[in-house]
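Peer 1: The following block contains the structure, expressed as structure tokens.
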Amino acid sequence: MSWTIVNVAEVAAQPWRNGGGVTRELLAWPTLAAWTVRLSVADIAADGPFSAYPGIDRWFAVLSGAGVALGDPPRSLSANGEVFAFAGELAPPCRLLQGATRDLNLMLRRDAMRGDMRALRGPLNRLDDGGALGRANCDGLAVFSVRGGTLLGPTDEALALPPMALAWCERPAEGWHFRATAPGGGDFAMTWRGVPQGGV
């Protein structure tokens with residue numbers, strides 16, 4: 001098991017499918033062309049609907065800016081660590097509350113993966129605890145931080161995570177923690193596990 005770190009500033013921006021913003025793809029697994037797990041940071045500069053992704057489960061959180069009103073009826077989301085989950089085929093309308101935002105997105109292909117994205121609230125958080133999957137045999141684990149911090153392993157490992165960066169690994173050992181440089185919002189953990197063939 002090893003961690004991969006991806007800095008947002010080092011990833012080129014790409015236009016959305018519907019042209020309503022740009023995204024920086026931090027992770028597309030197992031391949032870019034046939035992903036079942038996708039993590040990205042998007043910049044939204046104008047009101048408009050999200051792109052439709054049939055068969056995809058999505059999680060969304062505001063990283064910076066005043067926030068958005070997302071969905072119908074609209075739900076106001078700001079950079080306070082709130083995570084909003086929705087079905088990708090809904091392509092919800094999005095209205096900026098006061099100017100552009102930067103946002104974190106997790107997408108999982110529904111027929112292949114189950115997972116979760118959750119905000120990390122305190123100065124020290126266990127990464128594989130508290131999400132929908134709990135601690136049970138995750139196939140993948142990731143942490144994104146706006147301000148940066150340190151990943152702490154179960155056997156005294158320590159790995160620095162820069163600001164505005166993602167760290168992720170396959171088949172993680174249990175017991176990894178994240179110590180935030182400046183707790184108070186902007187830290188998120190994501191876990192996923194493959195769906196057994198013929199089951200849920």
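Convention: chains lettered A, B, ... in structure tokens order; per-chain residue numbering from 1; ligands numbered from 1 as shown.
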Give me, as a PyMOL selection string, all polymer residues having an atom no more than 10 Å from Thr150 (chain A), counting only C-alpha atoms and skipping those fewer than 5 positions away in the same chain.
Peer 2: chain A and resi 124+145+157-162+177-181
Peer 1: Using C-alpha atoms, can you write the selected residues to a file as a PDB file, in the first residue's frame?
Peer 2:
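The file below, again_20.pdb, is the result:
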```pdb
ATOM      1  CA  LEU A 124      -7.250  14.745  14.558  1.00  0.00           C
ATOM      2  CA  SER A 145      -7.403  19.330   2.597  1.00  0.00           C
ATOM      3  CA  GLU A 157       4.166   6.568   9.518  1.00  0.00           C
ATOM      4  CA  ALA A 158       3.834  10.309   8.852  1.00  0.00           C
ATOM      5  CA  LEU A 159       3.151  11.844   5.451  1.00  0.00           C
ATOM      6  CA  ALA A 160       2.775  15.590   4.832  1.00  0.00           C
ATOM      7  CA  LEU A 161      -0.244  16.702   2.783  1.00  0.00           C
ATOM      8  CA  PRO A 162       0.213  20.179   1.233  1.00  0.00           C
ATOM      9  CA  HIS A 177      -5.523   9.439  10.862  1.00  0.00           C
ATOM     10  CA  PHE A 178      -5.338  12.990   9.533  1.00  0.00           C
ATOM     11  CA  ARG A 179      -3.997  15.858  11.645  1.00  0.00           C
ATOM     12  CA  ALA A 180      -5.138  19.189  10.217  1.00  0.00           C
ATOM     13  CA  THR A 181      -2.719  22.104  10.074  1.00  0.00           C
TER      14      THR A 181
END
```
Peer 1: Tell me, as a list in words, which residues lie within 6 Å of region 2-13 of chain A, counting only C-alpha atoms; anything in the same chain fewer than 4 positions away does not count.
Peer 2: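 Skipping anything fewer than 4 positions along the chain leaves Val22, Thr23, Arg24, Met164, Ala165, Leu166, Ala167, Trp168 and Cys169 of chain A.
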Peer 1: Which residues, written as a PDB file with N, CA and C atoms, in the first residue's frame, have at least one atom at most 9 Å from Leu127 (chain A), with only C-alpha atoms counted and residues fewer than 4 positions away on the same chain left out?
Peer 2:
```
ATOM      1  N   LEU A 120     -14.183  16.304   7.841  1.00  0.00           N
ATOM      2  CA  LEU A 120     -13.387  16.047   9.035  1.00  0.00           C
ATOM      3  C   LEU A 120     -13.437  17.305   9.899  1.00  0.00           C
ATOM      4  N   GLY A 131     -17.833   7.017   8.142  1.00  0.00           N
ATOM      5  CA  GLY A 131     -18.527   7.099   6.868  1.00  0.00           C
ATOM      6  C   GLY A 131     -19.517   5.964   6.716  1.00  0.00           C
ATOM      7  N   LEU A 141      -9.222   4.791  -0.156  1.00  0.00           N
ATOM      8  CA  LEU A 141      -9.338   5.812   0.885  1.00  0.00           C
ATOM      9  C   LEU A 141      -8.651   7.073   0.384  1.00  0.00           C
ATOM     10  N   ALA A 142      -9.260   8.227   0.619  1.00  0.00           N
ATOM     11  CA  ALA A 142      -8.662   9.489   0.196  1.00  0.00           C
ATOM     12  C   ALA A 142      -8.956  10.561   1.232  1.00  0.00           C
ATOM     13  N   VAL A 143      -8.090  11.561   1.281  1.00  0.00           N
ATOM     14  CA  VAL A 143      -8.323  12.748   2.101  1.00  0.00           C
ATOM     15  C   VAL A 143      -7.933  13.965   1.281  1.00  0.00           C
ATOM     16  N   GLU A 174      -5.947  -0.383   8.205  1.00  0.00           N
ATOM     17  CA  GLU A 174      -6.803   0.313   9.162  1.00  0.00           C
ATOM     18  C   GLU A 174      -5.967   1.187  10.079  1.00  0.00           C
ATOM     19  N   GLY A 175      -6.570   2.257  10.554  1.00  0.00           N
ATOM     20  CA  GLY A 175      -5.947   3.059  11.589  1.00  0.00           C
ATOM     21  C   GLY A 175      -5.238   4.317  11.124  1.00  0.00           C
ATOM     22  N   TRP A 176      -5.421   4.720   9.861  1.00  0.00           N
ATOM     23  CA  TRP A 176      -4.838   5.979   9.404  1.00  0.00           C
ATOM     24  C   TRP A 176      -5.643   7.161   9.950  1.00  0.00           C
ATOM     25  N   HIS A 177      -4.921   8.210  10.353  1.00  0.00           N
ATOM     26  CA  HIS A 177      -5.523   9.439  10.862  1.00  0.00           C
ATOM     27  C   HIS A 177      -5.026  10.629  10.046  1.00  0.00           C
ATOM     28  N   PHE A 178      -5.771  11.731  10.149  1.00  0.00           N
ATOM     29  CA  PHE A 178      -5.338  12.990   9.533  1.00  0.00           C
ATOM     30  C   PHE A 178      -5.305  14.070  10.600  1.00  0.00           C
ATOM     31  N   PHE A 188     -11.686  16.711   4.128  1.00  0.00           N
ATOM     32  CA  PHE A 188     -12.694  15.705   3.782  1.00  0.00           C
ATOM     33  C   PHE A 188     -12.044  14.343   3.616  1.00  0.00           C
ATOM     34  N   ALA A 189     -12.739  13.299   4.084  1.00  0.00           N
ATOM     35  CA  ALA A 189     -12.315  11.916   3.878  1.00  0.00           C
ATOM     36  C   ALA A 189     -13.308  11.235   2.954  1.00  0.00           C
ATOM     37  N   MET A 190     -12.792  10.380   2.065  1.00  0.00           N
ATOM     38  CA  MET A 190     -13.607   9.639   1.119  1.00  0.00           C
ATOM     39  C   MET A 190     -13.201   8.175   1.141  1.00  0.00           C
ATOM     40  N   THR A 191     -14.177   7.285   1.180  1.00  0.00           N
ATOM     41  CA  THR A 191     -13.920   5.850   1.152  1.00  0.00           C
ATOM     42  C   THR A 191     -14.810   5.203   0.084  1.00  0.00           C
TER      43      THR A 191
END
```
Peer 1: Which neighbours of Gly194 (chain A) fall inside 7 Å, counting only C-alpha atoms, when residues of the same chain fewer than 4 positions from it are skipped, and could you give them as a PyMOL selection string?
Peer 2: chain A and resi 112-114+139
Peer 1: Keeping N, CA and C atoms for every residue in the selection just given, could you write it to a file as a PDB file, in the first residue's frame?
Peer 2:
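Ended up saving to selection.pdb:
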```pdb
ATOM      1  N   ALA A 112     -20.798  -0.426  -9.683  1.00  0.00           N
ATOM      2  CA  ALA A 112     -19.488  -0.993  -9.369  1.00  0.00           C
ATOM      3  C   ALA A 112     -18.974  -0.622  -7.993  1.00  0.00           C
ATOM      4  N   MET A 113     -19.420   0.496  -7.440  1.00  0.00           N
ATOM      5  CA  MET A 113     -18.835   1.011  -6.198  1.00  0.00           C
ATOM      6  C   MET A 113     -19.892   1.518  -5.231  1.00  0.00           C
ATOM      7  N   ARG A 114     -19.597   1.382  -3.944  1.00  0.00           N
ATOM      8  CA  ARG A 114     -20.320   2.056  -2.873  1.00  0.00           C
ATOM      9  C   ARG A 114     -19.307   2.902  -2.115  1.00  0.00           C
ATOM     10  N   ASP A 139     -11.758  -0.549  -0.313  1.00  0.00           N
ATOM     11  CA  ASP A 139     -10.881  -0.726  -1.459  1.00  0.00           C
ATOM     12  C   ASP A 139     -10.067   0.529  -1.727  1.00  0.00           C
TER      13      ASP A 139
END
```
Peer 1: Could you write out, as a PyMOL selection string, all the residues of region 90-186 of chain A that DSSP marks as strand (DSSP E)?
Peer 2: chain A and resi 93-96+101-109+113-119+124-126+140-145+149-152+158-161+165-170+177-180
Peer 1: So that I can see what lies close to region 38-43 of chain A, please list as number ranges by chain the residues with an atom at most 7 Å from it, counting only C-alpha atoms and leaving out residues fewer than 4 positions away in the same chain.
Peer 2: A: 21-29, 101-108
Peer 1: Could you save the residues just selected, with N, CA and C atoms, as an mmCIF file, in the first residue's frame?
Peer 2:
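Saved the output as selection-v9.cif:
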```cif
data_model
loop_
_atom_site.group_PDB
_atom_site.id
_atom_site.type_symbol
_atom_site.label_atom_id
_atom_site.label_comp_id
_atom_site.auth_asym_id
_atom_site.auth_seq_id
_atom_site.Cartn_x
_atom_site.Cartn_y
_atom_site.Cartn_z
ATOM 1 N N GLY A 21 -18.497 25.424 -16.474
ATOM 2 C CA GLY A 21 -17.391 25.655 -15.548
ATOM 3 C C GLY A 21 -16.190 24.840 -15.976
ATOM 4 N N VAL A 22 -15.184 24.782 -15.111
ATOM 5 C CA VAL A 22 -14.003 23.971 -15.402
ATOM 6 C C VAL A 22 -13.747 23.049 -14.214
ATOM 7 N N THR A 23 -13.076 21.950 -14.487
ATOM 8 C CA THR A 23 -12.763 20.977 -13.447
ATOM 9 C C THR A 23 -11.309 20.562 -13.548
ATOM 10 N N ARG A 24 -10.751 20.195 -12.406
ATOM 11 C CA ARG A 24 -9.401 19.628 -12.343
ATOM 12 C C ARG A 24 -9.530 18.222 -11.778
ATOM 13 N N GLU A 25 -9.243 17.236 -12.607
ATOM 14 C CA GLU A 25 -9.436 15.842 -12.238
ATOM 15 C C GLU A 25 -8.227 15.353 -11.443
ATOM 16 N N LEU A 26 -8.455 15.027 -10.165
ATOM 17 C CA LEU A 26 -7.383 14.599 -9.276
ATOM 18 C C LEU A 26 -7.207 13.084 -9.272
ATOM 19 N N LEU A 27 -8.285 12.356 -9.540
ATOM 20 C CA LEU A 27 -8.235 10.894 -9.529
ATOM 21 C C LEU A 27 -9.303 10.360 -10.467
ATOM 22 N N ALA A 28 -8.922 9.447 -11.350
ATOM 23 C CA ALA A 28 -9.859 8.675 -12.173
ATOM 24 C C ALA A 28 -9.358 7.241 -12.142
ATOM 25 N N TRP A 29 -10.097 6.377 -11.441
ATOM 26 C CA TRP A 29 -9.622 5.006 -11.197
ATOM 27 C C TRP A 29 -10.656 4.006 -11.681
ATOM 28 N N THR A 101 -17.309 30.006 -6.994
ATOM 29 C CA THR A 101 -16.937 29.067 -5.929
ATOM 30 C C THR A 101 -15.952 28.034 -6.477
ATOM 31 N N ARG A 102 -15.240 27.422 -5.546
ATOM 32 C CA ARG A 102 -14.414 26.242 -5.847
ATOM 33 C C ARG A 102 -14.971 25.102 -5.020
ATOM 34 N N ASP A 103 -15.099 23.920 -5.632
ATOM 35 C CA ASP A 103 -15.867 22.846 -5.019
ATOM 36 C C ASP A 103 -15.180 21.492 -5.205
ATOM 37 N N LEU A 104 -15.455 20.571 -4.262
ATOM 38 C CA LEU A 104 -14.919 19.212 -4.301
ATOM 39 C C LEU A 104 -16.014 18.257 -4.733
ATOM 40 N N ASN A 105 -15.681 17.337 -5.653
ATOM 41 C CA ASN A 105 -16.656 16.397 -6.182
ATOM 42 C C ASN A 105 -16.118 14.973 -6.119
ATOM 43 N N LEU A 106 -16.936 14.068 -5.605
ATOM 44 C CA LEU A 106 -16.664 12.632 -5.663
ATOM 45 C C LEU A 106 -17.750 11.986 -6.501
ATOM 46 N N MET A 107 -17.355 11.135 -7.459
ATOM 47 C CA MET A 107 -18.296 10.381 -8.277
ATOM 48 C C MET A 107 -17.940 8.898 -8.217
ATOM 49 N N LEU A 108 -18.957 8.062 -8.021
ATOM 50 C CA LEU A 108 -18.779 6.611 -8.018
ATOM 51 C C LEU A 108 -19.787 5.983 -8.969
#
```
Peer 1: Enter the distance from CA of Ala46 (chain A) to CA of Met117 (chain A), in Å, rounded to one decimal.
Peer 2: 25.1 Å
Peer 1: In terms of the shortest atom-to-atom distance over only C-alpha atoms, which of A:Cys138, A:Val146, A:Leu151, A:Gly184 is closest to Glu170 (chain A)?
Peer 2: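 When distances to Glu170 (chain A) are compared using only C-alpha atoms, the smallest one comes from A:Cys138.
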